[in-house]
Every structure is written in C-alpha cells, then in structure tokens.
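Content type compact mmCIF, C-alpha atoms, from the file start_38.txt:
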# COMPACT_ATOMS: atom_id res chain seq x y z
CA MET A 1 -165.89 16.81 -163.23
CA SER A 2 -168.75 14.83 -164.81
CA THR A 3 -172.31 15.33 -163.62
CA GLY A 4 -174.01 13.08 -166.17
CA THR A 5 -176.77 10.63 -165.23
CA SER A 6 -177.09 7.02 -166.21
CA VAL A 7 -178.65 6.05 -169.55
CA GLY A 8 -181.08 3.20 -169.99
CA GLY A 9 -180.59 2.05 -166.41
CA ASN A 10 -176.92 1.26 -167.15
CA PRO A 11 -174.78 2.71 -164.34
CA ASP A 12 -171.64 2.27 -166.44
CA VAL A 13 -172.68 4.73 -169.21
CA THR A 14 -173.66 8.37 -168.49
CA THR A 15 -175.35 11.04 -170.61
CA ASP A 16 -172.01 12.75 -171.28
CA GLY A 17 -170.49 9.55 -172.63
CA THR A 18 -168.20 8.84 -169.69
CA GLN A 19 -167.90 5.44 -168.07
CA GLY A 20 -168.98 4.73 -164.53
CA GLY A 21 -165.81 2.72 -163.97
CA ASN A 22 -165.91 3.03 -160.19
CA GLN A 23 -169.14 1.09 -159.81
CA SER A 24 -168.09 -1.51 -162.36
CA GLY A 25 -164.83 -1.91 -160.50
CA ASP A 26 -166.72 -2.48 -157.26
CA VAL A 27 -168.74 -5.25 -158.87
CA ASP A 28 -165.61 -6.88 -160.30
CA GLU A 29 -163.85 -6.62 -156.97
CA GLN A 30 -166.82 -8.23 -155.18
CA HIS A 31 -166.92 -11.06 -157.71
CA THR A 32 -163.17 -11.59 -157.37
CA THR A 33 -163.45 -11.71 -153.60
CA THR A 34 -166.24 -14.28 -153.72
CA THR A 35 -164.28 -16.41 -156.14
CA ALA A 36 -161.21 -16.18 -153.94
CA GLU A 37 -163.20 -17.30 -150.91
CA GLN A 38 -164.44 -20.33 -152.82
CA LEU A 39 -160.95 -21.18 -154.04
CA THR A 40 -159.45 -20.91 -150.57
CA GLY A 41 -162.14 -23.22 -149.20
CA GLU A 42 -163.54 -20.79 -146.64
CA GLU A 43 -167.03 -22.07 -147.37
CA LYS A 44 -166.09 -25.72 -147.03
CA ILE A 45 -166.82 -27.90 -144.00
CA THR A 46 -164.78 -26.69 -141.04
CA ASP A 47 -163.24 -28.70 -138.20
CA GLY A 48 -165.81 -27.12 -135.89
CA ASP A 49 -168.63 -28.46 -138.06
CA VAL A 50 -167.12 -31.95 -137.96
CA PHE A 51 -166.61 -31.90 -134.19
CA GLU A 52 -170.18 -30.73 -133.64
CA VAL A 53 -171.56 -33.49 -135.86
CA LEU A 54 -169.50 -36.18 -134.15
CA SER A 55 -170.47 -34.96 -130.67
CA ASN A 56 -173.83 -36.71 -130.99
CA GLU A 57 -174.07 -40.51 -131.12
CA ARG A 58 -177.18 -40.62 -133.30
CA ARG A 59 -175.57 -38.32 -135.87
CA ARG A 60 -172.45 -40.50 -135.85
CA TYR A 61 -174.54 -43.58 -136.57
CA ALA A 62 -176.46 -41.79 -139.32
CA LEU A 63 -173.26 -40.51 -140.90
CA HIS A 64 -171.72 -43.99 -140.72
CA TYR A 65 -174.67 -45.44 -142.65
CA LEU A 66 -174.68 -42.63 -145.20
CA MET A 67 -170.95 -43.12 -145.81
CA GLN A 68 -171.70 -46.75 -146.57
CA HIS A 69 -174.06 -45.54 -149.32
CA PRO A 70 -172.19 -42.57 -150.81
CA ASP A 71 -173.62 -42.72 -154.33
CA ASP A 72 -177.37 -42.87 -153.77
CA PRO A 73 -180.01 -40.97 -151.78
CA VAL A 74 -181.04 -42.84 -148.64
CA GLU A 75 -184.66 -43.10 -147.56
CA MET A 76 -185.25 -41.69 -144.09
CA GLY A 77 -187.17 -44.86 -143.21
CA ASP A 78 -184.16 -47.06 -144.01
CA LEU A 79 -181.78 -44.72 -142.19
CA SER A 80 -184.01 -44.60 -139.10
CA THR A 81 -184.38 -48.37 -138.99
CA GLN A 82 -180.64 -49.01 -139.20
CA VAL A 83 -179.73 -46.34 -136.64
CA ALA A 84 -182.34 -47.72 -134.25
CA ALA A 85 -180.96 -51.24 -134.76
CA TRP A 86 -177.44 -50.10 -133.84
CA GLU A 87 -178.72 -48.23 -130.81
CA VAL A 88 -180.61 -51.18 -129.31
CA GLY A 89 -178.18 -53.84 -130.57
CA VAL A 90 -180.51 -55.89 -132.78
CA ASP A 91 -180.91 -56.70 -136.45
CA PRO A 92 -182.89 -54.14 -138.50
CA ALA A 93 -185.68 -56.68 -138.98
CA GLU A 94 -186.15 -56.84 -135.21
CA VAL A 95 -186.59 -53.10 -134.69
CA THR A 96 -190.05 -52.26 -133.34
CA TYR A 97 -192.32 -49.56 -134.66
CA ASP A 98 -191.86 -47.38 -131.58
CA GLN A 99 -188.06 -47.68 -131.72
CA ARG A 100 -187.95 -46.71 -135.37
CA LYS A 101 -190.45 -43.89 -134.91
CA SER A 102 -188.44 -42.35 -132.06
CA VAL A 103 -185.28 -42.30 -134.16
CA HIS A 104 -187.12 -41.16 -137.28
CA THR A 105 -188.66 -38.18 -135.48
CA SER A 106 -185.35 -36.90 -134.13
CA LEU A 107 -183.55 -37.43 -137.44
CA TYR A 108 -186.34 -35.76 -139.40
CA GLN A 109 -186.76 -32.74 -137.14
CA TYR A 110 -183.24 -32.09 -135.89
CA HIS A 111 -180.28 -34.25 -136.89
CA ALA A 112 -180.79 -34.39 -140.67
CA PRO A 113 -181.32 -30.59 -140.90
CA LYS A 114 -178.20 -30.15 -138.76
CA LEU A 115 -176.14 -32.28 -141.13
CA ASP A 116 -177.61 -30.34 -144.04
CA GLU A 117 -176.58 -27.01 -142.45
CA THR A 118 -172.95 -28.13 -142.18
CA GLY A 119 -172.89 -29.10 -145.86
CA ILE A 120 -172.17 -32.76 -145.16
CA VAL A 121 -175.48 -33.95 -146.61
CA GLU A 122 -178.32 -32.73 -148.76
CA TYR A 123 -181.63 -33.28 -147.01
CA ASP A 124 -184.95 -33.29 -148.82
CA SER A 125 -187.56 -33.18 -146.06
CA ARG A 126 -190.47 -33.36 -148.52
CA GLY A 127 -189.07 -36.33 -150.38
CA GLY A 128 -187.87 -37.95 -147.18
CA VAL A 129 -184.38 -38.64 -148.51
CA VAL A 130 -180.89 -37.65 -147.45
CA GLU A 131 -177.67 -37.91 -149.47
CA LEU A 132 -173.99 -37.22 -148.84
CA THR A 133 -172.58 -34.17 -150.59
CA ALA A 134 -169.26 -34.26 -152.42
CA GLU A 135 -167.65 -32.63 -149.39
CA GLY A 136 -169.24 -35.16 -147.08
CA SER A 137 -167.98 -38.05 -149.19
CA ASP A 138 -164.45 -36.68 -148.96
CA LEU A 139 -164.43 -36.64 -145.16
CA ASP A 140 -162.15 -39.27 -143.65
CA LEU A 141 -163.33 -39.68 -140.06
CA TYR A 142 -162.03 -41.99 -137.38
CA LEU A 143 -163.29 -42.89 -133.92
CA GLU A 144 -161.35 -44.80 -131.33
CA ALA A 145 -163.88 -46.66 -129.22
CA VAL A 146 -162.32 -48.09 -126.05
CA ARG A 147 -164.26 -50.81 -124.22
CA GLY A 148 -163.71 -52.72 -121.02
CA ARG A 149 -160.02 -53.32 -120.38
CA GLU A 150 -158.83 -52.15 -123.79
CA ILE A 151 -155.93 -49.69 -123.89
CA PRO A 152 -156.22 -46.63 -126.16
CA TRP A 153 -153.65 -46.56 -128.94
CA ALA A 154 -152.07 -43.37 -127.59
CA SER A 155 -151.49 -45.01 -124.20
CA TYR A 156 -150.28 -48.21 -125.86
CA PHE A 157 -147.58 -46.44 -127.86
CA LEU A 158 -146.56 -44.46 -124.79
CA LEU A 159 -146.09 -47.69 -122.82
CA LEU A 160 -144.26 -49.23 -125.76
CA SER A 161 -141.88 -46.28 -125.87
CA VAL A 162 -141.26 -46.51 -122.12
CA PHE A 163 -140.51 -50.23 -122.48
CA ALA A 164 -138.12 -49.62 -125.37
CA THR A 165 -136.35 -46.89 -123.39
CA GLY A 166 -135.97 -49.24 -120.44
CA LEU A 167 -134.63 -51.99 -122.66
CA VAL A 168 -132.04 -49.69 -124.24
CA SER A 169 -131.02 -48.37 -120.82
CA ALA A 170 -130.62 -51.90 -119.47
CA ALA A 171 -128.46 -52.86 -122.44
CA TRP A 172 -126.31 -49.75 -122.03
CA LEU A 173 -125.86 -50.44 -118.29
CA ASP A 174 -125.07 -54.10 -119.07
CA ALA A 175 -127.88 -55.39 -116.85
CA PRO A 176 -127.51 -59.09 -115.91
CA LEU A 177 -130.74 -60.19 -117.58
CA ILE A 178 -129.67 -59.01 -121.04
CA SER A 179 -125.92 -58.77 -120.66
CA GLY A 180 -125.42 -61.53 -123.22
CA LEU A 181 -127.80 -60.03 -125.77
CA PRO A 182 -126.03 -58.41 -128.74
CA ASP A 183 -126.81 -54.75 -129.40
CA ALA A 184 -128.05 -55.58 -132.89
CA ALA A 185 -130.53 -58.10 -131.49
CA CYS A 186 -131.80 -55.57 -128.96
CA ALA A 187 -132.25 -52.92 -131.64
CA GLY A 188 -133.94 -55.40 -133.99
CA PHE A 189 -136.39 -56.44 -131.29
CA ILE A 190 -137.36 -52.82 -130.63
CA VAL A 191 -137.79 -52.09 -134.33
CA ALA A 192 -139.91 -55.22 -134.77
CA MET A 193 -142.18 -54.22 -131.87
CA PHE A 194 -142.85 -50.78 -133.31
CA LEU A 195 -143.26 -52.12 -136.86
CA VAL A 196 -145.83 -54.74 -135.89
CA SER A 197 -147.68 -52.30 -133.63
CA SER A 198 -147.78 -49.67 -136.38
CA LEU A 199 -149.13 -52.15 -138.92
CA VAL A 200 -151.89 -53.25 -136.55
CA PHE A 201 -152.71 -49.63 -135.77
CA ALA A 202 -152.88 -48.73 -139.47
CA TYR A 203 -155.17 -51.69 -140.17
CA ASP A 204 -157.40 -50.79 -137.24
CA ASN A 205 -157.57 -47.18 -138.44
CA ARG A 206 -158.67 -48.17 -141.92
CA THR A 207 -161.27 -50.71 -140.81
CA ALA A 208 -162.71 -50.84 -137.31
CA MET A 209 -162.14 -47.18 -136.42
CA ARG A 210 -163.25 -45.56 -139.66
CA LEU A 211 -166.73 -44.10 -140.14
CA GLY A 212 -168.29 -45.59 -143.25
CA SER A 213 -166.38 -48.87 -143.04
CA THR A 214 -168.19 -52.18 -143.50
CA GLY A 215 -170.42 -53.25 -140.65
CA ALA A 216 -171.61 -51.39 -137.59
CA PRO A 217 -170.11 -48.10 -136.37
CA PRO A 218 -166.84 -48.35 -134.37
CA GLU A 219 -168.71 -47.85 -131.12
CA VAL A 220 -170.94 -50.90 -131.55
CA SER A 221 -168.96 -53.17 -133.87
CA GLU A 222 -167.78 -55.39 -131.02
CA GLU A 223 -170.76 -55.17 -128.69
Structure translated into structure tokens:
Amino acid sequence: MSTGTSVGGNPDVTTDGTQGGNQSGDVDEQHTTTTAEQLTGEEKITDGDVFEVLSNERRRYALHYLMQHPDDPVEMGDLSTQVAAWEVGVDPAEVTYDQRKSVHTSLYQYHAPKLDETGIVEYDSRGGVVELTAEGSDLDLYLEAVRGREIPWASYFLLLSVFATGLVSAAWLDAPLISGLPDAACAGFIVAMFLVSSLVFAYDNRTAMRLGSTGAPPEVSEE
C-alpha cells in the first residue's frame, strides 16, 4: 500500500514513483460526462424555454424582428422602435418618444436578459445590441393567431373530417341526394378537399404563421 506524497504539485506522480491513477480517472470521467451532455444536447434550448419566451407578447415581437435579421447584431433602439410600432399599429417613423422609451426600458431591463438566459440571443447591455445565437437561428416557431370569425386550423380539419365521414356514409346508404354520384367521384372529391386544404395550411404555416417571416408578426399581420 503506497503512502507517497505528490511531487511538484502533480497529483498523478508520488514520491515512490507510483501513479495517482484514481484522481486522473476522476478528471477523465468528469470530462467525458461533460462532453456527453453537450453531445446529447442537454444544454440546448428546451421546450420549456421556448414556451416561456413565447408566453409574452413583447418577447414574441422582439424575437420576430431578430429572426428577420439573423446575421447581424440589432441595435436596441431599432428593436424598441419596431416592437413599439407593432404594438400600437403604426409605422416605425410614427412611433413617439414615450412609446419607444417604454418598450426600450422593458426590453433593456427584463426581456432581453431573459432571452439571453435561455440561450436564444446574445445580449450586450453595454453595447446596446442583441443578436440571435446559432441555436436561436435554428428555432422554427409558429403561431396561429385567430381573429374575429376565423376558424382555427385544428377545428377546420375536424369539421372537414366530419363532413367527409357524412359524405361517405350518405354514399354507402345510397342517400337520394347523391345516389347518382359514382363512388370514384365521391372519393375524388374528398381527396381534393383534403389536398387543397393541406396545401393552404402548409403555405400559411410557412408564411403568415411563422415567426421571422416577412412583415409583421402573425398576431398583427392582418390588423
């Protein structure tokens, strides 16, 4: 049993020439664990982080604008002006000093640091700039904003499915209204309805409902 002490501050080499393999192994194991955590993405942005960010309208607007400028740092003044413009429904040039200042204060003191904590952006409070991180640029976020008498897509497809089921049932029961309609025509009509609806939904997802798309955020794009 070795009782040697370390030489030259090196815990791996003792005075009797033996190796302190246990401690070295601990270091290697710790390094391996850290690397494994990084590879498995445990330190990446979580769903909880995303949900928390999107729970606030002002953060959604800020993130929308930042996603429109993914390659360059954004001045807090420009970000505040645009967010204020979307909030009050005017052009950026029409935003008043008080409106911009109110937004700027909350972004500077709370929302930008919050986005920085989640890893979505890098926030330089001294320089007054904020920039999307690589992880933030990779986020693909969608919002379905329902206004007035609009029907949410989930409800729309549910109603479409109910209608298709009713149509098939009527054809199977030989209902008078569609008794002369061939089965192939009935099936083709149903397929066409779902195909057209799916194409419109896909287009809406990639444009009007996507954060970072051209124009105003989904919530204000049609107001």
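For the set A:Tyr123, A:Phe189, A:Phe194, A:Trp86, the residue with the smallest atom-to-atom gap to Leu107 in chain A is A:Tyr123, counting all atoms listed in the file.
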Quiz item: Between A:Ala202, A:Leu63, A:Ala185, A:Ala93, which is the closest to Lys114 in chain A once you count all atoms listed in the file?
Solution: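 Checking each of A:Ala202, A:Leu63, A:Ala185, A:Ala93 against Lys114 in chain A, counting all atoms listed in the file, the winner is A:Leu63.
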Quiz item: What does the distance between CA of Val53 in chain A and CA of Phe201 in chain A come to in Å, to one decimal place?
Solution: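 Computed distance, CA of Val53 in chain A to CA of Phe201 in chain A, equals 24.8 Å.
The residues that lie within 10 Å of the point (-177.8, -33.3, -136.7), counting all atoms listed in the file, are Glu52, Val53, Leu54, Ser55, Asn56, Glu57, Arg58, Arg59, Arg60, Ala62, Leu63, Ser106, Leu107, Tyr108, Gln109, Tyr110, His111, Ala112, Pro113, Lys114, Leu115, Asp116, Glu117 and Thr118 of chain A.
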Practice problem: Fewer than 2 positions away in the same chain doesn't count, so skip those; otherwise give me all residues within 12 Å of Arg100 in chain A, counting only C-alpha atoms, as a list in words. | Solution: Met76, Gly77, Asp78, Leu79, Ser80, Thr81, Gln82, Val83, Ala84, Ala85, Trp86, Glu87, Val88, Pro92, Ala93, Glu94, Val95, Thr96, Tyr97, Asp98, Ser102, Val103, His104, Thr105, Ser106, Leu107 and Tyr108 of chain A
Quiz item: Quick one: distance from CA of Phe51 in chain A to CA of Pro70 in chain A in Å, one decimal?
Solution: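 That distance, rounded to one decimal, is 20.5 Å.
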Quiz prompt | Shell of 9 Å around Met193 in chain A, all atoms listed in the file, local chain residues under 5 positions omitted, as a PyMOL selection string | solution = chain A and resi 160+164+188+198
Quiz item: Quick one, how far is CA of Ser137 in chain A from CA of Asp71 in chain A?
Solution: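 For CA of Ser137 in chain A relative to CA of Asp71 in chain A, the distance reads 8.9 Å.
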